[in-house]
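Printed here is structure_28.pdb (PDB, C-alpha atoms):
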ATOM      1  CA  MET A   1     109.994  90.722 134.250
ATOM      2  CA  VAL A   2     108.792  93.160 136.898
ATOM      3  CA  ALA A   3     105.645  91.792 138.552
ATOM      4  CA  ILE A   4     102.154  92.827 137.538
ATOM      5  CA  GLY A   5     100.569  94.978 140.256
ATOM      6  CA  THR A   6     103.786  96.774 141.200
ATOM      7  CA  ILE A   7     104.551 100.427 140.521
ATOM      8  CA  ALA A   8     106.511 100.829 137.299
ATOM      9  CA  PRO A   9     110.058 101.924 138.169
ATOM     10  CA  ASP A  10     110.608 105.542 137.187
ATOM     11  CA  PHE A  11     113.401 106.574 134.810
ATOM     12  CA  GLU A  12     114.511 109.379 132.567
ATOM     13  CA  LEU A  13     116.015 108.928 129.087
ATOM     14  CA  ASN A  14     116.686 110.989 126.008
ATOM     15  CA  SER A  15     113.744 111.091 123.611
ATOM     16  CA  THR A  16     115.559 113.383 121.156
ATOM     17  CA  PRO A  17     119.162 114.627 121.144
ATOM     18  CA  ASP A  18     118.180 117.604 123.317
ATOM     19  CA  GLN A  19     115.091 116.414 125.204
ATOM     20  CA  LYS A  20     114.595 113.977 128.003
ATOM     21  CA  LEU A  21     111.454 112.166 128.976
ATOM     22  CA  ARG A  22     110.656 111.017 132.494
ATOM     23  CA  LEU A  23     108.144 108.192 132.819
ATOM     24  CA  SER A  24     106.355 109.820 135.756
ATOM     25  CA  GLU A  25     105.644 112.884 133.572
ATOM     26  CA  LEU A  26     103.229 110.685 131.669
ATOM     27  CA  ARG A  27     101.004 109.888 134.644
ATOM     28  CA  ASP A  28      97.298 110.324 133.851
ATOM     29  CA  LYS A  29      97.898 108.329 130.704
ATOM     30  CA  LYS A  30      98.294 104.632 130.186
ATOM     31  CA  ILE A  31     101.754 103.819 128.917
ATOM     32  CA  ILE A  32     102.788 101.053 126.590
ATOM     33  CA  LEU A  33     106.520 100.434 127.051
ATOM     34  CA  ALA A  34     107.958  98.522 124.120
ATOM     35  CA  PHE A  35     111.531  97.332 124.632
ATOM     36  CA  TYR A  36     113.088  96.213 121.334
ATOM     37  CA  PRO A  37     116.547  94.974 120.308
ATOM     38  CA  ALA A  38     117.742  97.380 117.645
ATOM     39  CA  ASP A  39     116.943 100.261 115.318
ATOM     40  CA  TRP A  40     116.917  99.251 111.606
ATOM     41  CA  SER A  41     116.621  95.512 112.250
ATOM     42  CA  PRO A  42     113.902  93.656 110.326
ATOM     43  CA  VAL A  43     111.545  92.423 113.046
ATOM     44  CA  CYS A  44     111.768  95.646 115.070
ATOM     45  CA  ASP A  45     111.005  97.572 111.935
ATOM     46  CA  ASP A  46     107.801  95.584 111.281
ATOM     47  CA  GLN A  47     106.756  95.818 114.898
ATOM     48  CA  LEU A  48     107.246  99.572 115.248
ATOM     49  CA  THR A  49     105.708 100.226 111.815
ATOM     50  CA  LEU A  50     102.635  98.357 112.981
ATOM     51  CA  TYR A  51     102.425 100.328 116.228
ATOM     52  CA  ASN A  52     102.866 103.560 114.292
ATOM     53  CA  GLU A  53      99.531 102.853 112.609
ATOM     54  CA  MET A  54      97.849 102.427 115.973
ATOM     55  CA  GLU A  55      98.162 105.916 117.377
ATOM     56  CA  LYS A  56      94.436 106.612 117.275
ATOM     57  CA  TYR A  57      93.498 103.181 118.601
ATOM     58  CA  PHE A  58      95.853 103.707 121.536
ATOM     59  CA  ALA A  59      94.491 107.256 122.002
ATOM     60  CA  LYS A  60      90.973 105.813 122.308
ATOM     61  CA  HIS A  61      92.233 104.120 125.465
ATOM     62  CA  ASN A  62      94.119 107.226 126.641
ATOM     63  CA  ALA A  63      97.344 105.351 126.022
ATOM     64  CA  GLN A  64     100.733 106.497 124.771
ATOM     65  CA  LEU A  65     103.372 104.253 123.263
ATOM     66  CA  VAL A  66     107.013 104.681 124.229
ATOM     67  CA  ALA A  67     109.672 102.484 122.611
ATOM     68  CA  ILE A  68     113.100 101.815 124.140
ATOM     69  CA  SER A  69     116.330 100.354 122.829
ATOM     70  CA  VAL A  70     120.033 100.740 123.645
ATOM     71  CA  ASP A  71     120.693 102.630 120.385
ATOM     72  CA  SER A  72     122.059 106.146 120.593
ATOM     73  CA  LYS A  73     119.871 109.233 120.372
ATOM     74  CA  TRP A  74     121.369 109.935 116.934
ATOM     75  CA  SER A  75     120.466 106.523 115.609
ATOM     76  CA  HIS A  76     116.952 107.013 117.009
ATOM     77  CA  LEU A  77     116.700 110.394 115.330
ATOM     78  CA  ALA A  78     117.609 108.936 111.932
ATOM     79  CA  PHE A  79     115.465 105.784 112.326
ATOM     80  CA  SER A  80     112.441 107.699 113.559
ATOM     81  CA  GLY A  81     112.764 110.319 110.825
ATOM     82  CA  ASP A  82     113.115 107.709 108.116
ATOM     83  CA  ARG A  83     110.113 105.668 109.268
ATOM     84  CA  LYS A  84     108.014 108.706 110.282
ATOM     85  CA  PHE A  85     107.287 107.377 113.756
ATOM     86  CA  HIS A  86     104.749 109.338 115.783
ATOM     87  CA  PHE A  87     105.891 108.134 119.168
ATOM     88  CA  PRO A  88     109.134 108.641 121.100
ATOM     89  CA  LEU A  89     112.108 106.300 120.838
ATOM     90  CA  LEU A  90     114.022 106.428 124.093
ATOM     91  CA  SER A  91     117.744 105.855 124.190
ATOM     92  CA  ASP A  92     118.878 103.480 126.949
ATOM     93  CA  PHE A  93     122.448 104.183 125.928
ATOM     94  CA  GLU A  94     124.462 105.331 128.936
ATOM     95  CA  PRO A  95     124.852 103.577 131.268
ATOM     96  CA  LYS A  96     123.975 101.061 128.595
ATOM     97  CA  GLY A  97     120.763  99.110 129.212
ATOM     98  CA  ASP A  98     120.220 100.531 132.699
ATOM     99  CA  VAL A  99     116.473 100.923 132.248
ATOM    100  CA  ALA A 100     116.165  97.553 130.511
ATOM    101  CA  ARG A 101     117.893  96.010 133.542
ATOM    102  CA  LEU A 102     115.505  97.866 135.841
ATOM    103  CA  TYR A 103     112.641  96.243 133.938
ATOM    104  CA  GLU A 104     114.441  92.865 133.840
ATOM    105  CA  VAL A 105     114.542  92.720 130.049
ATOM    106  CA  TYR A 106     118.239  93.243 129.292
ATOM    107  CA  ASP A 107     119.938  90.507 127.304
ATOM    108  CA  VAL A 108     123.544  90.359 128.550
ATOM    109  CA  LYS A 109     124.617  88.046 125.737
ATOM    110  CA  THR A 110     123.645  90.338 122.899
ATOM    111  CA  GLY A 111     123.948  93.618 124.790
ATOM    112  CA  GLU A 112     120.486  94.580 123.611
ATOM    113  CA  CYS A 113     117.001  94.857 125.087
ATOM    114  CA  LYS A 114     114.839  91.785 124.825
ATOM    115  CA  ARG A 115     111.605  92.128 122.873
ATOM    116  CA  ALA A 116     109.241  92.910 125.721
ATOM    117  CA  LEU A 117     106.040  94.839 126.384
ATOM    118  CA  TYR A 118     104.645  96.457 129.518
ATOM    119  CA  VAL A 119     101.268  98.147 129.887
ATOM    120  CA  ILE A 120     101.120 100.630 132.764
ATOM    121  CA  ASP A 121      97.893 102.236 133.996
ATOM    122  CA  GLU A 122      97.190 105.903 134.802
ATOM    123  CA  LYS A 123      98.383 105.445 138.372
ATOM    124  CA  GLY A 124     101.709 104.043 137.272
ATOM    125  CA  VAL A 125     100.917 100.413 138.114
ATOM    126  CA  ILE A 126     102.097  97.624 135.794
ATOM    127  CA  ARG A 127      98.971  95.842 134.574
ATOM    128  CA  TRP A 128     100.271  93.535 131.846
ATOM    129  CA  HIS A 129     103.554  92.363 130.453
ATOM    130  CA  TYR A 130     104.777  90.078 127.729
ATOM    131  CA  LEU A 131     108.171  88.724 126.741
ATOM    132  CA  SER A 132     108.238  87.802 123.079
ATOM    133  CA  PRO A 133     110.692  85.399 121.460
ATOM    134  CA  VAL A 134     113.281  87.797 120.062
ATOM    135  CA  GLY A 135     112.710  86.803 116.429
ATOM    136  CA  LEU A 136     108.925  87.156 116.563
ATOM    137  CA  ASN A 137     106.894  90.286 116.207
ATOM    138  CA  PRO A 138     104.298  90.134 119.017
ATOM    139  CA  GLY A 139     101.742  92.236 117.114
ATOM    140  CA  ALA A 140      99.248  94.398 118.950
ATOM    141  CA  ASP A 141      96.421  92.121 120.027
ATOM    142  CA  GLY A 142      97.877  91.545 123.501
ATOM    143  CA  ILE A 143      98.258  95.278 124.079
ATOM    144  CA  LEU A 144      94.699  96.025 122.932
ATOM    145  CA  ASN A 145      93.283  93.325 125.195
ATOM    146  CA  ALA A 146      95.262  94.674 128.149
ATOM    147  CA  LEU A 147      94.082  98.247 127.531
ATOM    148  CA  GLU A 148      90.488  97.106 127.273
ATOM    149  CA  GLU A 149      90.747  95.106 130.436
ATOM    150  CA  ILE A 150      91.992  98.157 132.349
ATOM    151  CA  ASP A 151      89.128 100.259 130.976
ATOM    152  CA  ASN A 152      86.536  97.661 131.920
ATOM    153  CA  PHE A 153      87.924  96.965 135.367
TER     154      PHE A 153
ATOM    155  CA  MET B 154      97.960  80.792 118.315
ATOM    156  CA  ASN B 155      96.228  83.809 116.802
ATOM    157  CA  GLN B 156      92.613  83.517 115.701
ATOM    158  CA  LEU B 157      90.859  85.554 113.054
ATOM    159  CA  ILE B 158      88.583  88.124 114.730
ATOM    160  CA  PRO B 159      85.874  88.475 113.576
ATOM    161  CA  PRO B 160      85.485  85.304 111.498
ATOM    162  CA  VAL B 161      84.771  85.675 107.782
ATOM    163  CA  ASN B 162      81.329  87.226 107.374
ATOM    164  CA  THR B 163      79.045  88.958 104.872
ATOM    165  CA  ASN B 164      81.057  92.205 105.049
ATOM    166  CA  ASP B 165      84.025  90.408 103.513
ATOM    167  CA  HIS B 166      85.049  90.054  99.905
ATOM    168  CA  ILE B 167      84.925  86.330  99.349
ATOM    169  CA  TYR B 168      86.061  84.414  96.271
ATOM    170  CA  GLY B 169      84.729  80.877  96.122
ATOM    171  CA  SER B 170      82.674  78.900  98.609
ATOM    172  CA  ALA B 171      84.902  75.986  99.626
ATOM    173  CA  ALA B 172      85.408  74.857 103.218
ATOM    174  CA  LEU B 173      89.154  75.557 103.031
ATOM    175  CA  GLU B 174      89.407  79.257 103.786
ATOM    176  CA  LEU B 175      92.415  81.492 103.139
ATOM    177  CA  VAL B 176      92.291  85.078 104.387
ATOM    178  CA  GLU B 177      94.903  87.673 103.472
ATOM    179  CA  TYR B 178      95.446  90.963 105.276
ATOM    180  CA  GLY B 179      97.150  93.039 102.617
ATOM    181  CA  ASP B 180      98.360  96.498 101.663
ATOM    182  CA  TYR B 181      98.152  97.457  97.984
ATOM    183  CA  GLU B 182     101.381  99.443  98.097
ATOM    184  CA  CYS B 183     103.392  96.857 100.023
ATOM    185  CA  PRO B 184     106.002  95.152  97.798
ATOM    186  CA  TYR B 185     105.686  91.850  99.691
ATOM    187  CA  CYS B 186     101.943  91.819  99.064
ATOM    188  CA  GLY B 187     102.728  92.589  95.440
ATOM    189  CA  ARG B 188     104.982  89.539  95.366
ATOM    190  CA  ALA B 189     102.346  87.400  97.067
ATOM    191  CA  TYR B 190      99.675  88.440  94.546
ATOM    192  CA  PRO B 191     100.685  86.165  91.622
ATOM    193  CA  ILE B 192     101.434  83.349  94.093
ATOM    194  CA  ILE B 193      97.883  83.516  95.427
ATOM    195  CA  LYS B 194      96.563  83.634  91.849
ATOM    196  CA  HIS B 195      98.438  80.433  90.980
ATOM    197  CA  ILE B 196      97.264  78.753  94.143
ATOM    198  CA  GLN B 197      93.680  79.743  93.354
ATOM    199  CA  GLN B 198      94.067  78.267  89.875
ATOM    200  CA  LYS B 199      95.568  75.051  91.189
ATOM    201  CA  LEU B 200      93.064  74.489  93.992
ATOM    202  CA  GLY B 201      90.086  75.764  92.009
ATOM    203  CA  ASP B 202      86.784  75.073  93.742
ATOM    204  CA  ASP B 203      88.574  73.650  96.775
ATOM    205  CA  LEU B 204      89.646  77.092  98.016
ATOM    206  CA  LYS B 205      87.822  80.096  99.383
ATOM    207  CA  PHE B 206      89.905  83.295  99.302
ATOM    208  CA  VAL B 207      89.132  86.412 101.323
ATOM    209  CA  PHE B 208      90.961  89.733 101.199
ATOM    210  CA  ARG B 209      90.929  92.221 104.085
ATOM    211  CA  ASN B 210      92.538  95.647 103.938
ATOM    212  CA  PHE B 211      95.557  96.410 106.062
ATOM    213  CA  PRO B 212      97.101  99.590 104.611
ATOM    214  CA  LEU B 213     100.148 100.836 106.518
ATOM    215  CA  SER B 214      99.474 104.481 105.793
ATOM    216  CA  HIS B 215     102.579 106.024 107.310
ATOM    217  CA  ILE B 216     104.993 104.105 105.106
ATOM    218  CA  HIS B 217     102.642 103.615 102.128
ATOM    219  CA  PRO B 218     100.886 106.917 101.499
ATOM    220  CA  HIS B 219      98.740 105.593  98.593
ATOM    221  CA  ALA B 220      97.632 102.380 100.264
ATOM    222  CA  PHE B 221      94.559 103.621 102.110
ATOM    223  CA  ALA B 222      93.099 105.400  99.076
ATOM    224  CA  ALA B 223      93.763 102.324  96.945
ATOM    225  CA  ALA B 224      91.886 100.201  99.488
ATOM    226  CA  VAL B 225      88.932 102.598  99.412
ATOM    227  CA  ALA B 226      88.989 102.447  95.605
ATOM    228  CA  THR B 227      88.662  98.651  95.635
ATOM    229  CA  GLU B 228      85.774  98.955  98.070
ATOM    230  CA  ALA B 229      84.123 101.478  95.750
ATOM    231  CA  ALA B 230      84.589  99.049  92.860
ATOM    232  CA  GLY B 231      82.994  96.442  95.110
ATOM    233  CA  LEU B 232      79.822  98.557  95.191
ATOM    234  CA  GLN B 233      79.687  97.973  91.430
ATOM    235  CA  ASN B 234      80.431  94.254  91.884
ATOM    236  CA  LYS B 235      83.960  94.641  90.566
ATOM    237  CA  PHE B 236      85.996  94.327  93.753
ATOM    238  CA  TRP B 237      88.260  91.551  92.444
ATOM    239  CA  GLU B 238      88.846  93.270  89.103
ATOM    240  CA  MET B 239      90.021  96.378  90.959
ATOM    241  CA  HIS B 240      92.028  94.353  93.496
ATOM    242  CA  ASP B 241      93.864  92.682  90.597
ATOM    243  CA  ILE B 242      94.572  95.758  88.516
ATOM    244  CA  VAL B 243      95.815  97.683  91.559
ATOM    245  CA  PHE B 244      98.233  94.913  92.555
ATOM    246  CA  GLU B 245      99.398  94.572  88.958
ATOM    247  CA  ASN B 246     100.269  98.280  88.920
ATOM    248  CA  GLN B 247     101.194  98.881  92.526
ATOM    249  CA  LYS B 248     104.007 101.301  91.712
ATOM    250  CA  THR B 249     101.629 103.783  90.125
ATOM    251  CA  LEU B 250      98.832 104.551  92.545
ATOM    252  CA  GLU B 251      98.332 108.292  92.125
ATOM    253  CA  PRO B 252      94.687 109.463  91.932
ATOM    254  CA  GLY B 253      94.908 109.731  88.123
ATOM    255  CA  ASP B 254      96.105 106.111  87.930
ATOM    256  CA  ILE B 255      93.260 104.927  90.133
ATOM    257  CA  PHE B 256      90.720 106.606  87.833
ATOM    258  CA  TYR B 257      92.418 105.059  84.840
ATOM    259  CA  PHE B 258      92.065 101.601  86.461
ATOM    260  CA  ALA B 259      88.424 102.318  87.275
ATOM    261  CA  LYS B 260      87.826 103.181  83.645
ATOM    262  CA  SER B 261      89.738 100.152  82.344
ATOM    263  CA  ILE B 262      87.605  97.706  84.308
ATOM    264  CA  GLY B 263      84.438  99.410  83.152
ATOM    265  CA  LEU B 264      83.206 101.170  86.275
ATOM    266  CA  ASP B 265      80.598 103.892  86.191
ATOM    267  CA  LEU B 266      83.061 106.723  86.833
ATOM    268  CA  GLU B 267      80.559 109.234  88.206
ATOM    269  CA  LYS B 268      79.364 106.747  90.781
ATOM    270  CA  PHE B 269      82.946 105.706  91.544
ATOM    271  CA  LYS B 270      83.989 109.318  92.081
ATOM    272  CA  ASN B 271      81.172 109.786  94.572
ATOM    273  CA  ASP B 272      81.735 106.510  96.320
ATOM    274  CA  ILE B 273      85.431 107.036  97.051
ATOM    275  CA  THR B 274      84.536 110.052  99.200
ATOM    276  CA  ASN B 275      81.926 108.012 101.059
ATOM    277  CA  ASN B 276      82.656 107.863 104.796
ATOM    278  CA  GLU B 277      81.186 104.409 105.035
ATOM    279  CA  LEU B 278      83.867 103.014 102.764
ATOM    280  CA  GLN B 279      86.594 104.702 104.797
ATOM    281  CA  SER B 280      85.065 103.152 107.920
ATOM    282  CA  LYS B 281      84.932  99.769 106.226
ATOM    283  CA  VAL B 282      88.693  99.952 105.558
ATOM    284  CA  GLU B 283      89.352 101.145 109.114
ATOM    285  CA  GLY B 284      87.229  98.278 110.404
ATOM    286  CA  ASP B 285      89.401  95.826 108.476
ATOM    287  CA  ILE B 286      92.525  97.393 109.983
ATOM    288  CA  GLU B 287      91.158  97.154 113.502
ATOM    289  CA  SER B 288      90.184  93.521 112.982
ATOM    290  CA  GLY B 289      93.764  92.948 111.826
ATOM    291  CA  PHE B 290      95.207  94.419 115.026
ATOM    292  CA  ARG B 291      92.878  92.189 117.064
ATOM    293  CA  SER B 292      93.721  89.122 115.059
ATOM    294  CA  GLY B 293      97.439  89.595 115.645
ATOM    295  CA  VAL B 294      98.384  90.772 112.164
ATOM    296  CA  ASN B 295     102.008  91.821 112.579
ATOM    297  CA  LYS B 296     103.161  92.511 109.035
ATOM    298  CA  THR B 297     101.838  92.483 105.503
ATOM    299  CA  PRO B 298     100.840  90.167 104.090
ATOM    300  CA  THR B 299      99.535  88.100 106.999
ATOM    301  CA  PHE B 300      97.498  85.001 106.171
ATOM    302  CA  PHE B 301      94.919  83.025 108.128
ATOM    303  CA  ILE B 302      93.949  79.506 107.145
ATOM    304  CA  ASN B 303      90.628  78.293 108.502
ATOM    305  CA  GLY B 304      90.726  81.099 111.065
ATOM    306  CA  VAL B 305      94.236  80.471 112.398
ATOM    307  CA  ARG B 306      97.256  82.636 111.609
ATOM    308  CA  TYR B 307      99.638  80.959 109.179
ATOM    309  CA  GLU B 308     103.207  81.356 110.401
ATOM    310  CA  GLY B 309     104.915  79.538 107.567
ATOM    311  CA  ASP B 310     106.580  80.543 104.363
ATOM    312  CA  TRP B 311     104.243  81.748 101.598
ATOM    313  CA  GLU B 312     106.497  80.950  98.654
ATOM    314  CA  GLU B 313     104.347  79.059  96.198
ATOM    315  CA  ASN B 314     105.439  75.455  96.644
ATOM    316  CA  THR B 315     105.494  75.501 100.436
ATOM    317  CA  PHE B 316     102.231  77.394 100.686
ATOM    318  CA  LEU B 317     100.418  75.231  98.142
ATOM    319  CA  GLN B 318     101.610  72.050  99.844
ATOM    320  CA  TYR B 319     100.448  73.319 103.224
ATOM    321  CA  LEU B 320      97.013  74.155 101.831
ATOM    322  CA  LYS B 321      96.783  70.748 100.157
ATOM    323  CA  ASP B 322      97.611  69.082 103.468
ATOM    324  CA  GLN B 323      94.875  71.116 105.144
ATOM    325  CA  LEU B 324      92.496  70.018 102.421
ATOM    326  CA  MET B 325      93.321  66.360 103.091
ATOM    327  CA  GLU B 326      92.750  66.801 106.798
ATOM    328  CA  THR B 327      89.437  68.561 106.218
ATOM    329  CA  SER B 328      88.190  65.845 103.886
ATOM    330  CA  ILE B 329      89.313  63.079 106.250
ATOM    331  CA  SER B 330      87.737  64.660 109.322
ATOM    332  CA  GLY B 331      84.574  65.363 107.311
ATOM    333  CA  GLU B 332      84.048  61.696 106.468
TER     334      GLU B 332
END
Reformat the file's structure so that it appears as structure tokens.
Amino acid sequence: MVAIGTIAPDFELNSTPDQKLRLSELRDKKIILAFYPADWSPVCDDQLTLYNEMEKYFAKHNAQLVAISVDSKWSHLAFSGDRKFHFPLLSDFEPKGDVARLYEVYDVKTGECKRALYVIDEKGVIRWHYLSPVGLNPGADGILNALEEIDNF
Amino acid sequence: MNQLIPPVNTNDHIYGSAALELVEYGDYECPYCGRAYPIIKHIQQKLGDDLKFVFRNFPLSHIHPHAFAAAVATEAAGLQNKFWEMHDIVFENQKTLEPGDIFYFAKSIGLDLEKFKNDITNNELQSKVEGDIESGFRSGVNKTPTFFINGVRYEGDWEENTFLQYLKDQLMETSISGE
């Protein structure tokens, strides 16, 4: 994964079929980047459902969650609508997995993102990262600890 | 290895006083928790006084719109010393959790309805449920139900035979190390 202490590489991806989101637009907020393998799959579903409940806990730390997979913007639209997600799902679709590669979390065997988390501070510096075994939902405790550590630094 | 944070304390709903401690983070509207409910009941019957069972709220409000209110209702029943009665009746009827149903349950288990009606709007009970949720996030709860045995997250299968055997093994270890 990209080293802690380095500036998070900037990128721009579709967040809805007609909107794009650029990472650097979110400066002044902490960012939680959650790379996940696939819309609709069981573990991803549990993981994102959990994070969806955490909006106000993340907000307490001035943090915004952004989730990324290689699924298309249309799949994201349907998945997000069905599960009522309150955070953007970014589509790393074309060129496929480009951003995941940039963050060193692309799985060439499956053609999907690995299950990986980055926490980026307000200045755009990577402060924490975690690569989870693909079949395991990493939960939120690591993220909360990382956010607290940044606040108490 | 995920640890239970904070450990079981006087704010918790605790059934039994044994050394072997099983904690569930559950959501009253979650079908998996509904499936786990009779399994836990059987395990409680089989282990009897050898098991302490603790339930903490973990309603996933965005996908289960009735879960938070149901959790508050059990807490309100708790103020009348009927937490477990409410916990049971809610799980036994988890497909019907509209406000009218909740009042019907409250009546069936013999709650003082005026007090109950007041208590469910009590901010302290809402905060209690939110506190449970936050403790779940910290403890590494990643789905519902999530179980902790003696403070450590249980990663295994919770189908009855596997779960019961695991708990029995823990019981053996506890009694051996206690000698």
Mind dumping a table of every segment 174-277 of chain B residue within 9 Å of segment 50-72 of chain A, with the nearest atom pair and its distance in Å to one decimal, using all atoms listed in the file, sorted by chain and rising number, as JSON lines?
{"residue": "B:Pro212", "atom": "CA", "partner": "A:Glu53", "partner_atom": "CA", "distance": 9.0}
{"residue": "B:Leu213", "atom": "CA", "partner": "A:Glu53", "partner_atom": "CA", "distance": 6.4}
{"residue": "B:Ser214", "atom": "CA", "partner": "A:Glu53", "partner_atom": "CA", "distance": 7.0}
{"residue": "B:His215", "atom": "CA", "partner": "A:Glu53", "partner_atom": "CA", "distance": 6.9}
- Task: Compile the contact shell of Phe300 of chain B as JSON, numbers by chain: residues with an atom at most 12 Å away, counting all atoms listed in the file, same-chain residues fewer than 6 positions apart removed.
- Result: {"B": [155, 156, 157, 174, 175, 176, 177, 178, 179, 186, 189, 193, 206, 207, 208, 209, 210, 211, 289, 292, 293, 294, 306, 307, 308, 309, 310, 311, 316, 320]}
Take the residues from that selection and write them out as a PDB file, keeping the file's coordinate frame, keeping C-alpha atoms.
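For reference, part_35.pdb as written:
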ATOM      1  CA  ASN B 155      96.228  83.809 116.802  1.00  0.00           C
ATOM      2  CA  GLN B 156      92.613  83.517 115.701  1.00  0.00           C
ATOM      3  CA  LEU B 157      90.859  85.554 113.054  1.00  0.00           C
ATOM      4  CA  GLU B 174      89.407  79.257 103.786  1.00  0.00           C
ATOM      5  CA  LEU B 175      92.415  81.492 103.139  1.00  0.00           C
ATOM      6  CA  VAL B 176      92.291  85.078 104.387  1.00  0.00           C
ATOM      7  CA  GLU B 177      94.903  87.673 103.472  1.00  0.00           C
ATOM      8  CA  TYR B 178      95.446  90.963 105.276  1.00  0.00           C
ATOM      9  CA  GLY B 179      97.150  93.039 102.617  1.00  0.00           C
ATOM     10  CA  CYS B 186     101.943  91.819  99.064  1.00  0.00           C
ATOM     11  CA  ALA B 189     102.346  87.400  97.067  1.00  0.00           C
ATOM     12  CA  ILE B 193      97.883  83.516  95.427  1.00  0.00           C
ATOM     13  CA  PHE B 206      89.905  83.295  99.302  1.00  0.00           C
ATOM     14  CA  VAL B 207      89.132  86.412 101.323  1.00  0.00           C
ATOM     15  CA  PHE B 208      90.961  89.733 101.199  1.00  0.00           C
ATOM     16  CA  ARG B 209      90.929  92.221 104.085  1.00  0.00           C
ATOM     17  CA  ASN B 210      92.538  95.647 103.938  1.00  0.00           C
ATOM     18  CA  PHE B 211      95.557  96.410 106.062  1.00  0.00           C
ATOM     19  CA  GLY B 289      93.764  92.948 111.826  1.00  0.00           C
ATOM     20  CA  SER B 292      93.721  89.122 115.059  1.00  0.00           C
ATOM     21  CA  GLY B 293      97.439  89.595 115.645  1.00  0.00           C
ATOM     22  CA  VAL B 294      98.384  90.772 112.164  1.00  0.00           C
ATOM     23  CA  ARG B 306      97.256  82.636 111.609  1.00  0.00           C
ATOM     24  CA  TYR B 307      99.638  80.959 109.179  1.00  0.00           C
ATOM     25  CA  GLU B 308     103.207  81.356 110.401  1.00  0.00           C
ATOM     26  CA  GLY B 309     104.915  79.538 107.567  1.00  0.00           C
ATOM     27  CA  ASP B 310     106.580  80.543 104.363  1.00  0.00           C
ATOM     28  CA  TRP B 311     104.243  81.748 101.598  1.00  0.00           C
ATOM     29  CA  PHE B 316     102.231  77.394 100.686  1.00  0.00           C
ATOM     30  CA  LEU B 320      97.013  74.155 101.831  1.00  0.00           C
TER      31      LEU B 320
END
Kindly assemble as a tab-separated table a list of the chain A residues that lie within 8 Å of chain B, each paired with its nearest atom pair and their distance in Å to one decimal, using all atoms listed in the file, sorted first by chain and then by ascending residue number.
residue	atom	partner	partner_atom	distance
A:Asp46	CA	B:Lys296	CA	6.0
A:Gln47	CA	B:Asn295	CA	6.6
A:Thr49	CA	B:Leu213	CA	7.7
A:Leu50	CA	B:Asn295	CA	6.6
A:Asn52	CA	B:His215	CA	7.4
A:Glu53	CA	B:Leu213	CA	6.4
A:Arg83	CA	B:Ile216	CA	6.8
A:Lys84	CA	B:His215	CA	6.8
A:Asn137	CA	B:Asn295	CA	6.3
A:Pro138	CA	B:Asn295	CA	7.0
A:Gly139	CA	B:Asn295	CA	4.6
A:Ala140	CA	B:Phe290	CA	5.6
A:Asp141	CA	B:Arg291	CA	4.6
A:Leu144	CA	B:Arg291	CA	7.2
Selected residues written out with C-alpha atoms, as a PDB file, in the coordinates of the input:
ATOM      1  CA  ASP A  46     107.801  95.584 111.281  1.00  0.00           C
ATOM      2  CA  GLN A  47     106.756  95.818 114.898  1.00  0.00           C
ATOM      3  CA  THR A  49     105.708 100.226 111.815  1.00  0.00           C
ATOM      4  CA  LEU A  50     102.635  98.357 112.981  1.00  0.00           C
ATOM      5  CA  ASN A  52     102.866 103.560 114.292  1.00  0.00           C
ATOM      6  CA  GLU A  53      99.531 102.853 112.609  1.00  0.00           C
ATOM      7  CA  ARG A  83     110.113 105.668 109.268  1.00  0.00           C
ATOM      8  CA  LYS A  84     108.014 108.706 110.282  1.00  0.00           C
ATOM      9  CA  ASN A 137     106.894  90.286 116.207  1.00  0.00           C
ATOM     10  CA  PRO A 138     104.298  90.134 119.017  1.00  0.00           C
ATOM     11  CA  GLY A 139     101.742  92.236 117.114  1.00  0.00           C
ATOM     12  CA  ALA A 140      99.248  94.398 118.950  1.00  0.00           C
ATOM     13  CA  ASP A 141      96.421  92.121 120.027  1.00  0.00           C
ATOM     14  CA  LEU A 144      94.699  96.025 122.932  1.00  0.00           C
TER      15      LEU A 144
END
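The set of residues that the PyMOL selection byres ((chain B and resi 234-237) around 10) takes from this file is His166, Ile167, Tyr168, Phe208, Ala226, Thr227, Glu228, Ala229, Ala230, Gly231, Leu232, Gln233, Glu238, Met239, His240, Asp241, Ile242, Val243, Ala259, Ile262, Gly263 and Leu264 of chain B.
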- Message: Take the PyMOL selection byres ((chain A and resi 149-153) around 10), run it mentally on this structure, and tell me the resulting residues as a PyMOL selection string.
- Response: chain A and resi 30+61-62+119-122+127-128+143-148
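Picture a line from atom CA of Val105 of chain A to atom CA of Pro17 of chain A; it runs 24.1 Å.
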- Name the residues, using the chain letters and numbers of the file, that sit within 12 Å of (84.1, 108.2, 100.0) when counting only C-alpha atoms, and give them as a PyMOL selection string. chain B and resi 221-230+232+268-282
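Of the residues under consideration (A:Phe85, A:Tyr106, A:Phe35, A:Phe93), A:Phe35 shows the shortest atom-to-atom contact distance to Tyr130 of chain A when counting only C-alpha atoms.
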Within 9 Å of (106.0, 86.6, 125.3), in the coordinates the file gives, what residues turn up when you count only C-alpha atoms, written out as a PDB file with C-alpha atoms, in the frame of the given file?
ATOM      1  CA  ARG A 115     111.605  92.128 122.873  1.00  0.00           C
ATOM      2  CA  ALA A 116     109.241  92.910 125.721  1.00  0.00           C
ATOM      3  CA  LEU A 117     106.040  94.839 126.384  1.00  0.00           C
ATOM      4  CA  HIS A 129     103.554  92.363 130.453  1.00  0.00           C
ATOM      5  CA  TYR A 130     104.777  90.078 127.729  1.00  0.00           C
ATOM      6  CA  LEU A 131     108.171  88.724 126.741  1.00  0.00           C
ATOM      7  CA  SER A 132     108.238  87.802 123.079  1.00  0.00           C
ATOM      8  CA  PRO A 133     110.692  85.399 121.460  1.00  0.00           C
ATOM      9  CA  PRO A 138     104.298  90.134 119.017  1.00  0.00           C
TER      10      PRO A 138
END
